[in-house]
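Read the structure below first, then the notes.
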Amino acid sequence: MDLLTRARELGIQTEYIDGQGHRHVTDADALQIILDALPVRTPCRFLDQAVVVRSGHPSRTELRPAAAFPLRWKIVTGDRVIADGEAHDRAIVWPDLPVGSWRLHLADASGFAEQAPLIVAPPRAFAGDFDRCWLLAVQLYGVRSARNWGIGDFTDLEGLIELAASLGADGVGLNPLHALFDDRPGDCSPYSPNSRLFLNPLYVDVEKLPGYQRAFESKGAVAGLRAGDTVNYAGVAELKWRALRFAFDTFKANPKGERKQDFENFRAERAPLLPRFACFEVLRHKFGKPWWEWPEQWRQPDEATCASLCQGEDALEIEFVEFVQWTADRQLLACKELAASLGMKVGLYLDVAVGVQCDGFDAWNEQSAISRHLSVGAPPDPLNTAGQNWGLAGFNAAGLELQSFEPYREMLRASMRHAGAIRLDHVLGLKRLYLVPHGFAADNGVYVQMPFEPLLAVTAQESVRHRCVVIGEDLGTVPEGFREQMAGWGIWSYQVMMFERDDTGSFRGVDHYAANALVTFNTHDLSTYAGWRSFSDLKLKRSIGIDPGESDDARWHALHMLSDMLRHHAIEDHDLYAVAGFLARTRSRLLAISLEDLLGVVEQPNIPGTVNEHPNWRQRLPLTIDALASAIDVAALKRATAERSRAAG
């Protein structure tokens with residue numbers, strides 16, 4: 001079979017028109033690597049893809065012409081049959097079915113049989129039980145306090161929740177809290193995780209752990225970390241891991257009581273993924289190389305070999321990893337419960353990265369569903385003329401279908417565990433992913449079609465189950481009809497005011513913004529408001545050799561257009577509070593205002609395309625958490641958000 005035929009069978013688009021209107025044809029060598037990296041996909045004889053049924057809606061599934069009738073079907077879970085029937089023409093009309101994920105067994109008159117996933121989903125994702133509200137958006141690592149160890153932690157998050165509640169906000173939005181690599185302090189992007197299924201232990205407040213003592217700790221080292229203007233991840237990790245081990249030893253010395261039972265409950269809740277993650281972490285440190293270079297017996301996650309590891313000489317180390325995750329989970333749970341006790345309607349709004357590092361746990365654990373040889377990215381567009389390669393491994397369609405979408409479901413469950421809302425980064429990847437083979441330039445990738453409707457159905461299932469609003473980051477080159485289909489499933493849009501401008505550069509008015517959307521002025525990858533108004537972002541990018549994609553004249557024009565639009569809405573000022581007031585008037589049900597903007601911070605958290613030229617994901621806020629309220633013009637903020645603020649003192 002030739003390359004192009006194989007590509008078509010896997011839903012690979014071998015040529016495309018980029019955001020600048022240029023046609024690209026994927027290099028044959030690159031295409032070969034891409035095909036070899038994806039699982040073998042056996043074509044279905046009866047169906048085009050996994051079956052999706054929306055509960056309460058009349059539903060039918062068209063069959064392919066190859067079926068010989070009558071065709072018997074049954075829906076099963078384990079040994080139990082949910083429903084069965086017979087089709088005599090090219091469609092199955094489904095009876096009322098319970099919400100869930102099942103296996104569909106099909107057999108036609110010729111005796112040919114096959115199986116496929118069948119997903120019965122609620123009609124829409126969870127819609128939220130609030131009208132319009134606003135959230136305080138924060139990069140948690142950058143929070144200062146008089147007591148943290150040089151990085152924001154979950155006790156600081158409790159303080160932020162209390163601050164947000166006092167300002168009238170209904171939640172706090174955070175950068176991803178995913179587990180990173182504890183031994184790679186320079187690899188600190190929260191969007192490049194080791195695993196999206198577990199938490200970053202550096203956010204644990206170790207001083208809250210029972211039995212904590214300062215005896216082991218160098219006070220001078222903590223003071224130095226606390227005083228720095230950037231997060232010293234290596235220094236923080238060294239001290240925190242030492243403290244966590246001390247806490248674990250204390251816990252093991254007195255294993256009785258409620259804490260011991262709660263630990264066992266957590267292990268049961270997160271099994272079988274938790275012990276598997278712990279085994280991976282122990283093996284990663286033991287071998288000190290990527291998992292595909294480990295001894296053969298450990299290159300694939302295997303329940304029997306993991307069980308033997310858990311019972312052998314590494315048992316205590318595995319339990320330590322589980323203990324750390326339990327500690328992080330319970331501190332984050334306390335934050336969720338605090339927000340609920342304060343009457344916040346959203347609580348925590350958490351971000352979910354689009355992919356994972358290829359040598360991390362998720363890629364090892366899901367080798368059929370995640371392709372380690374391919375990186376997720378984006379084709380060339382006006383802002384990134386060379387295209388983008390994010391260096392992250394993403395899900396692939398064939399692998400997900402083989403596992404009835406369970407890897408994607410597990411990622412959602414982990415993300416929604418303590419959240420009232422989540423944001424799926426680069427949600428366009430649910431429909432098609434732009435994949436670049438390792439070793440090739442970003443413009444030599446391909447679009448690979450994803451099972452969009454089944455993924456939306458799974459998202460709706462988990463959203464309703466967890467009562468968690470789902471927001472899709474739908475920026476960039478959006479396929480026709482994409483947003484409409486997302487909205488039909490109840491997935492919210494993500495509207496960034498910086499980008500909401502017409503062809504003349506004019507900012508769009510309040511009526512432009514969708515109701516089921518989160519609206520914000522900027523993102524972590526864009527300039528802060530103070531940096532944007534002062535041209536600091538343009539100056540910085542030019543100083544480090546990056547084309548900002550905008551001239552000073554264009555920025556002056558944008559500033560004038562902003563003032564014109566605000567005046568059109570009877571807003572005479574043009575400070576941050578004026579912009580917040582404008583966004584608060586939109587019908588969008590969620591508004592996010594960044595803490596950096598409220599404090600007038602100039603530097604943005606991250607400059608895409610840089611590594612060492614800018615302190616990405618390291619910058620700390622200029623003030624400690626107890627000084628934040630006095631630095632914010634609280635009266636102006638409350639006036640701006642009055643239409644959507646909760647009652648606050």
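FYI, nothing fancy with the structure tokens labels: chains A, B, ... in order, residues from 1 per chain, ligands from 1 as they appear.
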
(request) Using DSSP on the backbone, list every residue of segment 99-311 of chain A that comes out as alpha helix (DSSP H), and give them as a ChimeraX atom specification. (result) /A:154-167,219-227,233-253,258-270,273-287,303-310

Taking C-alpha atoms for each residue, export the selection above as a short mmCIF file (atom, residue, chain, number, x, y, z; two decimals), in the first residue's frame.
data_model
loop_
_atom_site.label_atom_id
_atom_site.label_comp_id
_atom_site.auth_asym_id
_atom_site.auth_seq_id
_atom_site.Cartn_x
_atom_site.Cartn_y
_atom_site.Cartn_z
CA PHE A 154 -1.71 25.72 48.20
CA THR A 155 -1.83 27.77 51.41
CA ASP A 156 -1.21 30.85 49.28
CA LEU A 157 -4.06 29.65 47.08
CA GLU A 158 -6.33 29.69 50.12
CA GLY A 159 -5.27 33.30 50.67
CA LEU A 160 -6.00 34.11 47.03
CA ILE A 161 -9.44 32.54 47.32
CA GLU A 162 -10.20 34.71 50.34
CA LEU A 163 -8.90 37.80 48.51
CA ALA A 164 -10.94 36.98 45.40
CA ALA A 165 -14.07 36.46 47.49
CA SER A 166 -13.58 39.82 49.20
CA LEU A 167 -13.33 41.47 45.78
CA LYS A 219 16.54 29.02 57.36
CA GLY A 220 18.99 31.02 55.32
CA ALA A 221 18.23 28.95 52.22
CA VAL A 222 14.48 29.44 52.61
CA ALA A 223 14.92 33.17 53.19
CA GLY A 224 17.02 33.42 50.04
CA LEU A 225 14.42 31.59 47.98
CA ARG A 226 11.69 33.79 49.43
CA ALA A 227 13.54 37.00 48.54
CA TYR A 233 13.03 25.80 40.99
CA ALA A 234 16.21 23.84 41.78
CA GLY A 235 16.52 25.39 45.22
CA VAL A 236 12.82 25.02 45.99
CA ALA A 237 12.81 21.39 44.85
CA GLU A 238 15.85 20.48 46.96
CA LEU A 239 14.31 21.81 50.17
CA LYS A 240 10.74 20.70 49.53
CA TRP A 241 11.62 17.13 48.61
CA ARG A 242 13.74 16.90 51.76
CA ALA A 243 10.80 18.19 53.80
CA LEU A 244 8.38 15.80 52.11
CA ARG A 245 10.64 12.85 52.94
CA PHE A 246 10.80 14.00 56.54
CA ALA A 247 6.99 14.21 56.62
CA PHE A 248 6.73 10.73 55.10
CA ASP A 249 9.09 9.26 57.70
CA THR A 250 6.98 10.87 60.43
CA PHE A 251 3.83 9.46 58.88
CA LYS A 252 5.28 5.96 58.64
CA ALA A 253 6.43 6.08 62.27
CA GLU A 258 -7.72 8.96 60.41
CA ARG A 259 -4.79 10.08 58.27
CA LYS A 260 -3.74 6.51 57.58
CA GLN A 261 -7.29 5.61 56.58
CA ASP A 262 -7.58 8.69 54.37
CA PHE A 263 -4.30 7.77 52.66
CA GLU A 264 -5.63 4.29 51.95
CA ASN A 265 -8.87 5.78 50.65
CA PHE A 266 -6.90 8.00 48.27
CA ARG A 267 -4.86 5.05 47.03
CA ALA A 268 -8.08 3.20 46.29
CA GLU A 269 -9.64 6.25 44.60
CA ARG A 270 -6.72 6.71 42.22
CA LEU A 273 -3.04 4.83 37.86
CA LEU A 274 -1.47 5.97 41.14
CA PRO A 275 0.73 2.90 41.78
CA ARG A 276 1.66 2.86 38.11
CA PHE A 277 2.72 6.53 38.28
CA ALA A 278 4.70 5.82 41.44
CA CYS A 279 6.45 2.88 39.75
CA PHE A 280 7.29 5.08 36.78
CA GLU A 281 8.80 7.76 39.01
CA VAL A 282 10.94 5.21 40.86
CA LEU A 283 12.12 3.60 37.62
CA ARG A 284 12.83 6.97 36.01
CA HIS A 285 15.14 7.94 38.85
CA LYS A 286 16.72 4.50 39.00
CA PHE A 287 17.64 4.28 35.30
CA GLU A 303 0.37 -4.80 36.00
CA ALA A 304 2.30 -7.89 37.06
CA THR A 305 5.74 -6.28 36.85
CA CYS A 306 4.47 -3.13 38.59
CA ALA A 307 2.95 -5.28 41.34
CA SER A 308 6.29 -7.05 41.81
CA LEU A 309 8.02 -3.68 42.10
CA CYS A 310 5.47 -2.51 44.68
#

(request) Going by DSSP on the backbone, which bits of segment 84-296 of chain A are strand (DSSP E or B)? Write them as a PyMOL selection string, please. (result) chain A and resi 84-87+91-93+100-107+113-121+133-138+144+171-174+178-179+195-199+230

(request) For segment 331-337 of chain A, please output as a ChimeraX atom specification all residues within 7 Å (counting only C-alpha atoms; exclusion window: fewer than 2 positions along the same chain). (result) /A:154,157-158,327-329,339-341,347-348,418

Since we have the selection now, will you write its residues out, keeping C-alpha atoms, as a PDB file, in the first residue's frame?
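Contents of part.pdb, as written:
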ATOM      1  CA  PHE A 154      -1.709  25.725  48.200  1.00  0.00           C
ATOM      2  CA  LEU A 157      -4.061  29.647  47.077  1.00  0.00           C
ATOM      3  CA  GLU A 158      -6.333  29.687  50.117  1.00  0.00           C
ATOM      4  CA  THR A 327      -0.657  15.320  50.321  1.00  0.00           C
ATOM      5  CA  ALA A 328      -0.979  17.542  47.228  1.00  0.00           C
ATOM      6  CA  ASP A 329      -4.485  16.290  46.467  1.00  0.00           C
ATOM      7  CA  ALA A 339     -14.157  28.361  47.963  1.00  0.00           C
ATOM      8  CA  ALA A 340     -17.438  26.483  48.439  1.00  0.00           C
ATOM      9  CA  SER A 341     -17.741  27.663  52.046  1.00  0.00           C
ATOM     10  CA  GLY A 347     -14.296  27.906  42.869  1.00  0.00           C
ATOM     11  CA  LEU A 348     -11.231  26.644  41.008  1.00  0.00           C
ATOM     12  CA  HIS A 418     -11.422  19.632  42.305  1.00  0.00           C
TER      13      HIS A 418
END

(request) Excluding segment 378-380 of chain A and any residue of its chain fewer than 5 positions from it, enumerate the residues within 10 Å of it, using only C-alpha atoms, and give them as an NGL selection string. (result) :A and (16-22 or 24 or 385-390 or 426 or 433-436 or 442-447 or 476-477)

(message) Show me, as a ChimeraX atom specification, the residues that have an atom within 10 Å of segment 549-560 of chain A when counting only C-alpha atoms, minus same-chain residues fewer than 3 positions from it.
(response) /A:382-385,498,501,504-507,532-535,538-539,541,546,563-566,574
